[in-house]
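Have a look at the structure below, then the notes.
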Amino acid sequence: MDEDTFKLVQRAQKGDKEAYGEIYKLYQKKIYRFSYYMIQNQELAEDITQNTFIKAWRALPFFSLNKNGTIQAYLFKIARNLTIDYQRKRKEVSLEVIEDIMPSDENLEEIVARQEEQEIVARSLKTLDEEERQIVVLRYFEDMSYEEISKVVGKNEGAIRVRLHRILKKLKEEIKDYGN
Amino acid sequence: MEIEKYLEKIKREYLKTKPSEGFEKGAWQKLAEELPEQERKMPISFIVRRTVLFAVILIAFIAFGMFTLMEIAQASLPGEPLYPVKRLYENIAFTKPSTKKIKVERRGQEIIDVVKKKKEKRVLEDSLKDYKKSIEEAWKKTSEKEEEELREVLEDHEKRFREIIEENSGSKDQIEKALETIRLERENGEVKGEKDEEEDKSGKGSGEDRKDEGREDEINIF
């Protein structure tokens with residue numbers, strides 16, 4: 001975490017909403033992307049993004065670099081927990097309800113085009129389980145350090161390294177099949 | 001395709017993912033209005049967790065301190081500040097009748113250590129009293145096997161006491177008393193053993209009776 005971000009966090013911890021707005025701008029898209037690839041639903045991903053920042057704001061006075069790592073890791077951890085909560089609930093919700101909350105006022109062509117792009121990523125990661133997907137996204141797409149990932153996923157750095165090694169092996173096999 | 005290139009390609013697609021335009025522009029305004037008050041007090045669960053953690057650490061610390069104290073106290077001798085701790089430990093750890101032999105061993109060792117360290121005569125006399133008492137206790141309600149073990153301990157003590165008499169002639173009188181105690185107690189043990197056999201044959205007398213009879217000819221040398 002650079003010094004500017006650290007100062008913004010310190011100000012936000014004292015209740016400065018303007019500083020928190022700057023933090024929001026820095027991480028909004030990242031949190032959205034991450035949430036989206038975990039739950040595959042745009043509107044829900046937007047809700048999770050908002051809820052992540054509300055939760056983070058509420059508990060921000062207790063945020064500490066030693067305990068929580070960077071503010072980025074802190075936000076991703078909250079987002080991850082919210083997506084897990086959502087996925088748990090989703091099992092209880094019927095398909096009809098999910099269809100009801102899909103956006104209806106967007107251009108259908110735009111939606112289809114965007115979904116095609118997103119499907120490429122989703123297809124590529126489909127062989128991985130939930131946690132493996134999170135690790136790949138955080139490490140290779142969001143360029144986070146092992147230390148940050150360990151804070152988000154709640155496992156030690158060594159375990160993350162080992163897991164990532166296995167994931168890469170798995171993906172290599174996938175690419176072979178893809179090439180064939 | 002190499003894995004790095006493959007991931008790079010997916011990354012490009014991943015980074016294209018954006019929220020809806022409406023969300024991107026107006027989300028902060030909406031959120032800023034909705035932001036609740038920040039929590040300034042620690043959540044109860046956090047306080048409870050911290051208290052429990054503190055209590056566990058405190059208990060572990062006290063337990064470690066007690067354990068260390070007990071360990072150090074094991075080397076103490078009569079008259080030393082930690083000696084009561086040693087005796088307390090023995091009263092807790094050696095409660096079974098079969099462990100009485102251990103107390104005798106320890107009291108005997110104390111006599112040897114007191115003599116070697118040239119402690120005051122009063123200390124040696126206290127040690128001898130404790131030694132005698134521990135032997136008396138050990139004879140009570142003992143099985144044949146335990147009696148045999150106790151006799152072996154006393155024989156060993158006898159040898160070792162004779163050795164230290166040679167090395168420490170100044171404590172000769174006191175150690176002689178200890179040897180006398182051993183002799184008498186061994187005799188008592190033998191008498192007790194014989195009586196036990198007789199009573200077993202005739203089928204008379206309870207264990208308690210035997211115990212009291214065994215002490216009749218005991219001589220207080222201190």
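Here, A, B, ... name the chains of the structure tokens in the order displayed, residue numbers run from 1 inside each chain, and ligands are numbered from 1 in the same displayed order.
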
Can you check which parts of chain B lie within 10 Å of chain A? Per residue, the shortest pair of atoms and distance in Å to one decimal, counting only C-alpha atoms, sorted by chain and number, as JSON lines.
```
{"residue": "B:Met1", "atom": "CA", "partner": "A:Ile175", "partner_atom": "CA", "distance": 6.8}
{"residue": "B:Glu2", "atom": "CA", "partner": "A:Lys172", "partner_atom": "CA", "distance": 7.9}
{"residue": "B:Ile3", "atom": "CA", "partner": "A:Lys172", "partner_atom": "CA", "distance": 6.1}
{"residue": "B:Glu4", "atom": "CA", "partner": "A:Tyr140", "partner_atom": "CA", "distance": 9.3}
{"residue": "B:Tyr6", "atom": "CA", "partner": "A:Ile175", "partner_atom": "CA", "distance": 7.9}
{"residue": "B:Leu7", "atom": "CA", "partner": "A:Tyr140", "partner_atom": "CA", "distance": 7.1}
{"residue": "B:Glu8", "atom": "CA", "partner": "A:Tyr140", "partner_atom": "CA", "distance": 7.9}
{"residue": "B:Lys9", "atom": "CA", "partner": "A:Val121", "partner_atom": "CA", "distance": 9.0}
{"residue": "B:Ile10", "atom": "CA", "partner": "A:Val121", "partner_atom": "CA", "distance": 5.6}
{"residue": "B:Lys11", "atom": "CA", "partner": "A:Phe141", "partner_atom": "CA", "distance": 5.2}
{"residue": "B:Arg12", "atom": "CA", "partner": "A:Phe141", "partner_atom": "CA", "distance": 8.3}
{"residue": "B:Glu13", "atom": "CA", "partner": "A:Glu117", "partner_atom": "CA", "distance": 6.4}
{"residue": "B:Tyr14", "atom": "CA", "partner": "A:Val121", "partner_atom": "CA", "distance": 6.4}
{"residue": "B:Leu15", "atom": "CA", "partner": "A:Phe141", "partner_atom": "CA", "distance": 7.5}
{"residue": "B:Lys16", "atom": "CA", "partner": "A:Glu117", "partner_atom": "CA", "distance": 8.2}
{"residue": "B:Thr17", "atom": "CA", "partner": "A:Arg33", "partner_atom": "CA", "distance": 6.1}
{"residue": "B:Lys18", "atom": "CA", "partner": "A:Lys29", "partner_atom": "CA", "distance": 6.6}
{"residue": "B:Pro19", "atom": "CA", "partner": "A:Tyr32", "partner_atom": "CA", "distance": 6.7}
{"residue": "B:Ser20", "atom": "CA", "partner": "A:Gln42", "partner_atom": "CA", "distance": 8.0}
{"residue": "B:Phe23", "atom": "CA", "partner": "A:Glu46", "partner_atom": "CA", "distance": 7.4}
{"residue": "B:Glu24", "atom": "CA", "partner": "A:Lys29", "partner_atom": "CA", "distance": 8.2}
{"residue": "B:Ala27", "atom": "CA", "partner": "A:Gln50", "partner_atom": "CA", "distance": 7.7}
{"residue": "B:Trp28", "atom": "CA", "partner": "A:Gly21", "partner_atom": "CA", "distance": 6.9}
{"residue": "B:Gln29", "atom": "CA", "partner": "A:Gly21", "partner_atom": "CA", "distance": 9.0}
{"residue": "B:Lys30", "atom": "CA", "partner": "A:Gln50", "partner_atom": "CA", "distance": 9.3}
{"residue": "B:Leu31", "atom": "CA", "partner": "A:Gln50", "partner_atom": "CA", "distance": 6.9}
{"residue": "B:Ala32", "atom": "CA", "partner": "A:Lys17", "partner_atom": "CA", "distance": 7.1}
{"residue": "B:Glu33", "atom": "CA", "partner": "A:Lys17", "partner_atom": "CA", "distance": 9.9}
{"residue": "B:Glu34", "atom": "CA", "partner": "A:Ile54", "partner_atom": "CA", "distance": 8.1}
{"residue": "B:Leu35", "atom": "CA", "partner": "A:Ile54", "partner_atom": "CA", "distance": 6.1}
{"residue": "B:Pro36", "atom": "CA", "partner": "A:Arg58", "partner_atom": "CA", "distance": 6.8}
{"residue": "B:Glu37", "atom": "CA", "partner": "A:Arg58", "partner_atom": "CA", "distance": 6.6}
{"residue": "B:Gln38", "atom": "CA", "partner": "A:Arg58", "partner_atom": "CA", "distance": 4.3}
{"residue": "B:Glu39", "atom": "CA", "partner": "A:Arg58", "partner_atom": "CA", "distance": 5.5}
{"residue": "B:Arg40", "atom": "CA", "partner": "A:Pro61", "partner_atom": "CA", "distance": 6.6}
{"residue": "B:Lys41", "atom": "CA", "partner": "A:Pro61", "partner_atom": "CA", "distance": 9.1}
{"residue": "B:Met42", "atom": "CA", "partner": "A:Phe62", "partner_atom": "CA", "distance": 7.9}
{"residue": "B:Pro43", "atom": "CA", "partner": "A:Ala59", "partner_atom": "CA", "distance": 9.5}
```

Now that the selection is made, can you save its residues with N, CA and C atoms as an mmCIF file, in the first residue's frame?
```
data_model
loop_
_atom_site.group_PDB
_atom_site.id
_atom_site.type_symbol
_atom_site.label_atom_id
_atom_site.label_comp_id
_atom_site.auth_asym_id
_atom_site.auth_seq_id
_atom_site.Cartn_x
_atom_site.Cartn_y
_atom_site.Cartn_z
ATOM 1 N N MET B 1 0.336 -23.486 -26.431
ATOM 2 C CA MET B 1 0.378 -22.150 -25.826
ATOM 3 C C MET B 1 0.972 -22.229 -24.415
ATOM 4 N N GLU B 2 1.853 -21.313 -24.091
ATOM 5 C CA GLU B 2 2.437 -21.338 -22.748
ATOM 6 C C GLU B 2 1.423 -20.839 -21.727
ATOM 7 N N ILE B 3 1.607 -21.329 -20.523
ATOM 8 C CA ILE B 3 0.637 -20.981 -19.472
ATOM 9 C C ILE B 3 0.593 -19.465 -19.199
ATOM 10 N N GLU B 4 1.773 -18.827 -19.233
ATOM 11 C CA GLU B 4 1.833 -17.376 -18.975
ATOM 12 C C GLU B 4 1.023 -16.604 -20.025
ATOM 13 N N TYR B 6 -1.321 -17.785 -21.856
ATOM 14 C CA TYR B 6 -2.731 -18.164 -21.696
ATOM 15 C C TYR B 6 -3.387 -17.300 -20.616
ATOM 16 N N LEU B 7 -2.676 -17.192 -19.485
ATOM 17 C CA LEU B 7 -3.229 -16.388 -18.383
ATOM 18 C C LEU B 7 -3.297 -14.906 -18.760
ATOM 19 N N GLU B 8 -2.319 -14.459 -19.509
ATOM 20 C CA GLU B 8 -2.289 -13.066 -19.961
ATOM 21 C C GLU B 8 -3.524 -12.763 -20.821
ATOM 22 N N LYS B 9 -3.842 -13.736 -21.659
ATOM 23 C CA LYS B 9 -4.997 -13.577 -22.553
ATOM 24 C C LYS B 9 -6.295 -13.506 -21.734
ATOM 25 N N ILE B 10 -6.400 -14.408 -20.789
ATOM 26 C CA ILE B 10 -7.627 -14.384 -19.965
ATOM 27 C C ILE B 10 -7.683 -13.100 -19.141
ATOM 28 N N LYS B 11 -6.504 -12.663 -18.681
ATOM 29 C CA LYS B 11 -6.460 -11.440 -17.874
ATOM 30 C C LYS B 11 -7.031 -10.253 -18.666
ATOM 31 N N ARG B 12 -6.641 -10.162 -19.928
ATOM 32 C CA ARG B 12 -7.136 -9.048 -20.766
ATOM 33 C C ARG B 12 -8.664 -9.062 -20.817
ATOM 34 N N GLU B 13 -9.208 -10.260 -20.960
ATOM 35 C CA GLU B 13 -10.672 -10.385 -21.006
ATOM 36 C C GLU B 13 -11.271 -10.030 -19.642
ATOM 37 N N TYR B 14 -10.593 -10.489 -18.625
ATOM 38 C CA TYR B 14 -11.077 -10.242 -17.258
ATOM 39 C C TYR B 14 -11.137 -8.738 -16.971
ATOM 40 N N LEU B 15 -10.088 -8.034 -17.393
ATOM 41 C CA LEU B 15 -10.028 -6.592 -17.090
ATOM 42 C C LEU B 15 -11.047 -5.772 -17.882
ATOM 43 N N LYS B 16 -11.584 -6.383 -18.928
ATOM 44 C CA LYS B 16 -12.620 -5.675 -19.701
ATOM 45 C C LYS B 16 -13.942 -5.632 -18.940
ATOM 46 N N THR B 17 -14.062 -6.479 -17.951
ATOM 47 C CA THR B 17 -15.317 -6.550 -17.190
ATOM 48 C C THR B 17 -15.541 -5.248 -16.413
ATOM 49 N N LYS B 18 -16.695 -4.668 -16.646
ATOM 50 C CA LYS B 18 -17.008 -3.402 -15.958
ATOM 51 C C LYS B 18 -18.424 -3.467 -15.424
ATOM 52 N N PRO B 19 -18.710 -2.700 -14.403
ATOM 53 C CA PRO B 19 -20.113 -2.621 -13.982
ATOM 54 C C PRO B 19 -20.899 -1.783 -14.986
ATOM 55 N N SER B 20 -22.208 -1.696 -14.826
ATOM 56 C CA SER B 20 -23.020 -0.891 -15.749
ATOM 57 C C SER B 20 -22.621 0.583 -15.611
ATOM 58 N N PHE B 23 -24.079 2.479 -12.713
ATOM 59 C CA PHE B 23 -23.473 2.118 -11.416
ATOM 60 C C PHE B 23 -22.121 2.808 -11.260
ATOM 61 N N GLU B 24 -21.345 2.782 -12.331
ATOM 62 C CA GLU B 24 -19.994 3.342 -12.270
ATOM 63 C C GLU B 24 -20.023 4.830 -11.908
ATOM 64 N N ALA B 27 -22.725 5.412 -8.282
ATOM 65 C CA ALA B 27 -22.704 4.520 -7.112
ATOM 66 C C ALA B 27 -22.134 5.192 -5.866
ATOM 67 N N TRP B 28 -21.106 6.025 -6.062
ATOM 68 C CA TRP B 28 -20.489 6.650 -4.880
ATOM 69 C C TRP B 28 -21.449 7.642 -4.215
ATOM 70 N N GLN B 29 -22.129 8.444 -5.048
ATOM 71 C CA GLN B 29 -23.091 9.403 -4.502
ATOM 72 C C GLN B 29 -24.122 8.687 -3.628
ATOM 73 N N LYS B 30 -24.619 7.604 -4.196
ATOM 74 C CA LYS B 30 -25.640 6.839 -3.482
ATOM 75 C C LYS B 30 -25.058 6.251 -2.178
ATOM 76 N N LEU B 31 -23.854 5.734 -2.316
ATOM 77 C CA LEU B 31 -23.221 5.095 -1.152
ATOM 78 C C LEU B 31 -22.906 6.122 -0.053
ATOM 79 N N ALA B 32 -22.407 7.297 -0.476
ATOM 80 C CA ALA B 32 -22.034 8.338 0.492
ATOM 81 C C ALA B 32 -23.228 8.742 1.352
ATOM 82 N N GLU B 33 -24.411 8.750 0.717
ATOM 83 C CA GLU B 33 -25.623 9.102 1.477
ATOM 84 C C GLU B 33 -26.012 7.975 2.441
ATOM 85 N N GLU B 34 -25.702 6.771 2.019
ATOM 86 C CA GLU B 34 -26.128 5.616 2.828
ATOM 87 C C GLU B 34 -25.137 5.204 3.907
ATOM 88 N N LEU B 35 -23.924 5.770 3.824
ATOM 89 C CA LEU B 35 -22.885 5.305 4.768
ATOM 90 C C LEU B 35 -23.336 5.467 6.220
ATOM 91 N N PRO B 36 -23.329 4.411 6.967
ATOM 92 C CA PRO B 36 -23.777 4.503 8.366
ATOM 93 C C PRO B 36 -22.685 5.102 9.254
ATOM 94 N N GLU B 37 -23.018 5.289 10.519
ATOM 95 C CA GLU B 37 -22.011 5.742 11.477
ATOM 96 C C GLU B 37 -20.939 4.656 11.620
ATOM 97 N N GLN B 38 -19.716 5.076 11.763
ATOM 98 C CA GLN B 38 -18.656 4.081 11.966
ATOM 99 C C GLN B 38 -18.733 3.527 13.383
ATOM 100 N N GLU B 39 -18.336 2.271 13.500
ATOM 101 C CA GLU B 39 -18.319 1.657 14.836
ATOM 102 C C GLU B 39 -17.107 2.183 15.587
ATOM 103 N N ARG B 40 -17.393 2.845 16.705
ATOM 104 C CA ARG B 40 -16.261 3.376 17.485
ATOM 105 C C ARG B 40 -15.961 2.492 18.693
ATOM 106 N N LYS B 41 -16.989 1.761 19.092
ATOM 107 C CA LYS B 41 -16.769 0.846 20.221
ATOM 108 C C LYS B 41 -16.434 -0.522 19.658
ATOM 109 N N MET B 42 -15.603 -1.213 20.381
ATOM 110 C CA MET B 42 -15.251 -2.563 19.928
ATOM 111 C C MET B 42 -16.481 -3.464 20.004
ATOM 112 N N PRO B 43 -16.701 -4.302 18.987
ATOM 113 C CA PRO B 43 -17.836 -5.227 19.052
ATOM 114 C C PRO B 43 -17.681 -6.180 20.255
#
```

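If you count only C-alpha atoms and ignore residues fewer than 5 places along the chain from Leu138 (chain A), what sits within 7 Å of it is A:Asp143, A:Met144, A:Ile149.
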
Given the selection you just returned, output its residues as a file containing N, CA, C and O atoms, formatted as a PDB file, in the first residue's frame.
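What landed in out-v9.pdb:
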```
ATOM      1  N   ASP A 143      -2.974  -8.969  -9.734  1.00  0.00           N
ATOM      2  CA  ASP A 143      -1.549  -8.793  -9.387  1.00  0.00           C
ATOM      3  C   ASP A 143      -1.298  -8.587  -7.890  1.00  0.00           C
ATOM      4  O   ASP A 143      -0.490  -7.733  -7.492  1.00  0.00           O
ATOM      5  N   MET A 144      -1.984  -9.345  -7.101  1.00  0.00           N
ATOM      6  CA  MET A 144      -1.786  -9.195  -5.647  1.00  0.00           C
ATOM      7  C   MET A 144      -0.621 -10.072  -5.166  1.00  0.00           C
ATOM      8  O   MET A 144      -0.319 -11.096  -5.776  1.00  0.00           O
ATOM      9  N   ILE A 149      -2.944 -12.177  -0.703  1.00  0.00           N
ATOM     10  CA  ILE A 149      -3.868 -13.292  -1.001  1.00  0.00           C
ATOM     11  C   ILE A 149      -4.107 -14.126   0.267  1.00  0.00           C
ATOM     12  O   ILE A 149      -5.227 -14.536   0.542  1.00  0.00           O
TER      13      ILE A 149
END
```

Run DSSP on the backbone and give me the residues of region 2-169 of chain A it puts in helix (DSSP H, G or I), as an NGL selection string.
:A and (3-13 or 17-39 or 42-62 or 65-68 or 71-90 or 95-100 or 108-125 or 130-141 or 146-153 or 157-169)

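The space between CA of Ile135 (chain B) and CA of Glu155 (chain B) spans 12.7 Å.
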
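Nearest-residue note for Gly108 (chain B): choosing from B:Lys145, B:Lys140, B:Lys133, B:Lys172, the minimum distance belongs to B:Lys133, counting only C-alpha atoms.
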
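Using only C-alpha atoms for every distance, the candidate list A:Met38, A:Leu75, A:Val153, A:Leu44 yields A:Met38 as the residue closest to Lys126 (chain A).
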
Leaving out region 159-163 of chain B and any residue of its chain fewer than 3 positions from it, which residues lie within 8 Å of it when counting only C-alpha atoms, given as an mmCIF file with C-alpha atoms, in the first residue's frame?
```cif
data_model
loop_
_atom_site.group_PDB
_atom_site.id
_atom_site.type_symbol
_atom_site.label_atom_id
_atom_site.label_comp_id
_atom_site.auth_asym_id
_atom_site.auth_seq_id
_atom_site.Cartn_x
_atom_site.Cartn_y
_atom_site.Cartn_z
ATOM 1 C CA ILE B 112 22.373 -37.610 52.573
ATOM 2 C CA GLU B 155 18.928 -51.719 52.690
ATOM 3 C CA ASP B 156 20.134 -49.267 50.089
ATOM 4 C CA GLU B 166 33.000 -42.229 56.795
ATOM 5 C CA GLU B 167 33.056 -39.013 54.780
ATOM 6 C CA ILE B 175 23.339 -40.730 60.995
ATOM 7 C CA ALA B 178 19.008 -42.941 61.117
ATOM 8 C CA LEU B 179 20.624 -46.356 60.894
#
```

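Residues in contact range of Leu128 (chain B), defined as at most 8 Å between only C-alpha atoms, with sequence neighbours fewer than 2 positions away removed, read B:Ile111, B:Leu124, B:Glu125, B:Asp126, B:Asp130, B:Tyr131, B:Lys132, B:Gln174, B:Lys177, B:Ala178.
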
Just write the chosen residues, all heavy atoms, as an mmCIF file, in the first residue's frame.
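Final output, saved to again15.cif:
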```cif
data_model
loop_
_atom_site.group_PDB
_atom_site.id
_atom_site.type_symbol
_atom_site.label_atom_id
_atom_site.label_comp_id
_atom_site.auth_asym_id
_atom_site.auth_seq_id
_atom_site.Cartn_x
_atom_site.Cartn_y
_atom_site.Cartn_z
ATOM 1 N N ILE B 111 18.440 -36.711 53.756
ATOM 2 C CA ILE B 111 19.418 -36.845 54.859
ATOM 3 C C ILE B 111 20.839 -36.806 54.281
ATOM 4 O O ILE B 111 21.711 -36.072 54.773
ATOM 5 C CB ILE B 111 19.178 -38.149 55.655
ATOM 6 C CG1 ILE B 111 17.848 -38.030 56.415
ATOM 7 C CG2 ILE B 111 20.325 -38.431 56.628
ATOM 8 C CD1 ILE B 111 17.387 -39.286 57.097
ATOM 9 N N LEU B 124 19.217 -31.411 60.193
ATOM 10 C CA LEU B 124 19.442 -32.861 60.056
ATOM 11 C C LEU B 124 18.489 -33.633 60.963
ATOM 12 O O LEU B 124 17.927 -34.652 60.571
ATOM 13 C CB LEU B 124 20.909 -33.189 60.374
ATOM 14 C CG LEU B 124 21.308 -34.651 60.209
ATOM 15 C CD1 LEU B 124 21.030 -35.146 58.792
ATOM 16 C CD2 LEU B 124 22.777 -34.843 60.527
ATOM 17 N N GLU B 125 18.281 -33.087 62.178
ATOM 18 C CA GLU B 125 17.375 -33.770 63.098
ATOM 19 C C GLU B 125 15.939 -33.767 62.568
ATOM 20 O O GLU B 125 15.236 -34.775 62.654
ATOM 21 C CB GLU B 125 17.448 -33.113 64.487
ATOM 22 C CG GLU B 125 18.622 -33.670 65.275
ATOM 23 C CD GLU B 125 18.836 -32.963 66.604
ATOM 24 O OE1 GLU B 125 17.979 -32.151 67.008
ATOM 25 O OE2 GLU B 125 19.881 -33.244 67.221
ATOM 26 N N ASP B 126 15.549 -32.630 61.984
ATOM 27 C CA ASP B 126 14.203 -32.565 61.373
ATOM 28 C C ASP B 126 14.090 -33.582 60.237
ATOM 29 O O ASP B 126 13.056 -34.243 60.081
ATOM 30 C CB ASP B 126 13.936 -31.151 60.817
ATOM 31 C CG ASP B 126 13.679 -30.141 61.934
ATOM 32 O OD1 ASP B 126 13.429 -30.593 63.068
ATOM 33 O OD2 ASP B 126 13.742 -28.918 61.654
ATOM 34 N N ASP B 130 11.452 -36.713 59.866
ATOM 35 C CA ASP B 130 10.617 -36.909 58.674
ATOM 36 C C ASP B 130 10.860 -38.283 58.057
ATOM 37 O O ASP B 130 9.935 -38.939 57.568
ATOM 38 C CB ASP B 130 10.932 -35.829 57.615
ATOM 39 C CG ASP B 130 10.290 -34.504 57.964
ATOM 40 O OD1 ASP B 130 9.398 -34.500 58.828
ATOM 41 O OD2 ASP B 130 10.675 -33.481 57.353
ATOM 42 N N TYR B 131 12.115 -38.693 58.080
ATOM 43 C CA TYR B 131 12.491 -39.984 57.509
ATOM 44 C C TYR B 131 11.793 -41.109 58.254
ATOM 45 O O TYR B 131 11.177 -42.002 57.656
ATOM 46 C CB TYR B 131 14.016 -40.135 57.596
ATOM 47 C CG TYR B 131 14.560 -41.419 57.023
ATOM 48 C CD1 TYR B 131 14.334 -41.749 55.688
ATOM 49 C CD2 TYR B 131 15.321 -42.281 57.804
ATOM 50 C CE1 TYR B 131 14.847 -42.918 55.157
ATOM 51 C CE2 TYR B 131 15.837 -43.457 57.279
ATOM 52 C CZ TYR B 131 15.600 -43.772 55.956
ATOM 53 O OH TYR B 131 16.097 -44.920 55.430
ATOM 54 N N LYS B 132 11.855 -41.014 59.595
ATOM 55 C CA LYS B 132 11.236 -42.041 60.435
ATOM 56 C C LYS B 132 9.725 -42.090 60.185
ATOM 57 O O LYS B 132 9.144 -43.162 60.015
ATOM 58 C CB LYS B 132 11.520 -41.716 61.912
ATOM 59 C CG LYS B 132 10.999 -42.762 62.868
ATOM 60 C CD LYS B 132 11.422 -42.439 64.279
ATOM 61 C CE LYS B 132 10.869 -43.457 65.255
ATOM 62 N NZ LYS B 132 9.448 -43.251 65.506
ATOM 63 N N GLN B 174 24.022 -38.353 64.390
ATOM 64 C CA GLN B 174 22.697 -38.248 63.754
ATOM 65 C C GLN B 174 22.465 -39.387 62.759
ATOM 66 O O GLN B 174 21.382 -39.968 62.701
ATOM 67 C CB GLN B 174 22.551 -36.902 63.022
ATOM 68 C CG GLN B 174 22.141 -35.749 63.897
ATOM 69 C CD GLN B 174 23.315 -35.178 64.674
ATOM 70 O OE1 GLN B 174 24.482 -35.481 64.398
ATOM 71 N NE2 GLN B 174 23.011 -34.354 65.667
ATOM 72 N N LYS B 177 21.642 -42.535 64.301
ATOM 73 C CA LYS B 177 20.211 -42.584 64.671
ATOM 74 C C LYS B 177 19.383 -43.050 63.491
ATOM 75 O O LYS B 177 18.434 -43.836 63.628
ATOM 76 C CB LYS B 177 19.720 -41.194 65.111
ATOM 77 C CG LYS B 177 20.103 -40.846 66.525
ATOM 78 C CD LYS B 177 19.578 -39.462 66.859
ATOM 79 C CE LYS B 177 20.099 -38.982 68.209
ATOM 80 N NZ LYS B 177 19.704 -37.588 68.462
ATOM 81 N N ALA B 178 19.738 -42.539 62.321
ATOM 82 C CA ALA B 178 19.008 -42.941 61.117
ATOM 83 C C ALA B 178 19.164 -44.437 60.875
ATOM 84 O O ALA B 178 18.196 -45.134 60.537
ATOM 85 C CB ALA B 178 19.533 -42.159 59.918
#
```

Skipping near chain neighbours, those fewer than 2 positions away, what residues fall within 6 Å of region 86-94 of chain B using only C-alpha atoms, listed as number ranges by chain?
B: 73-74, 83-84, 96, 99
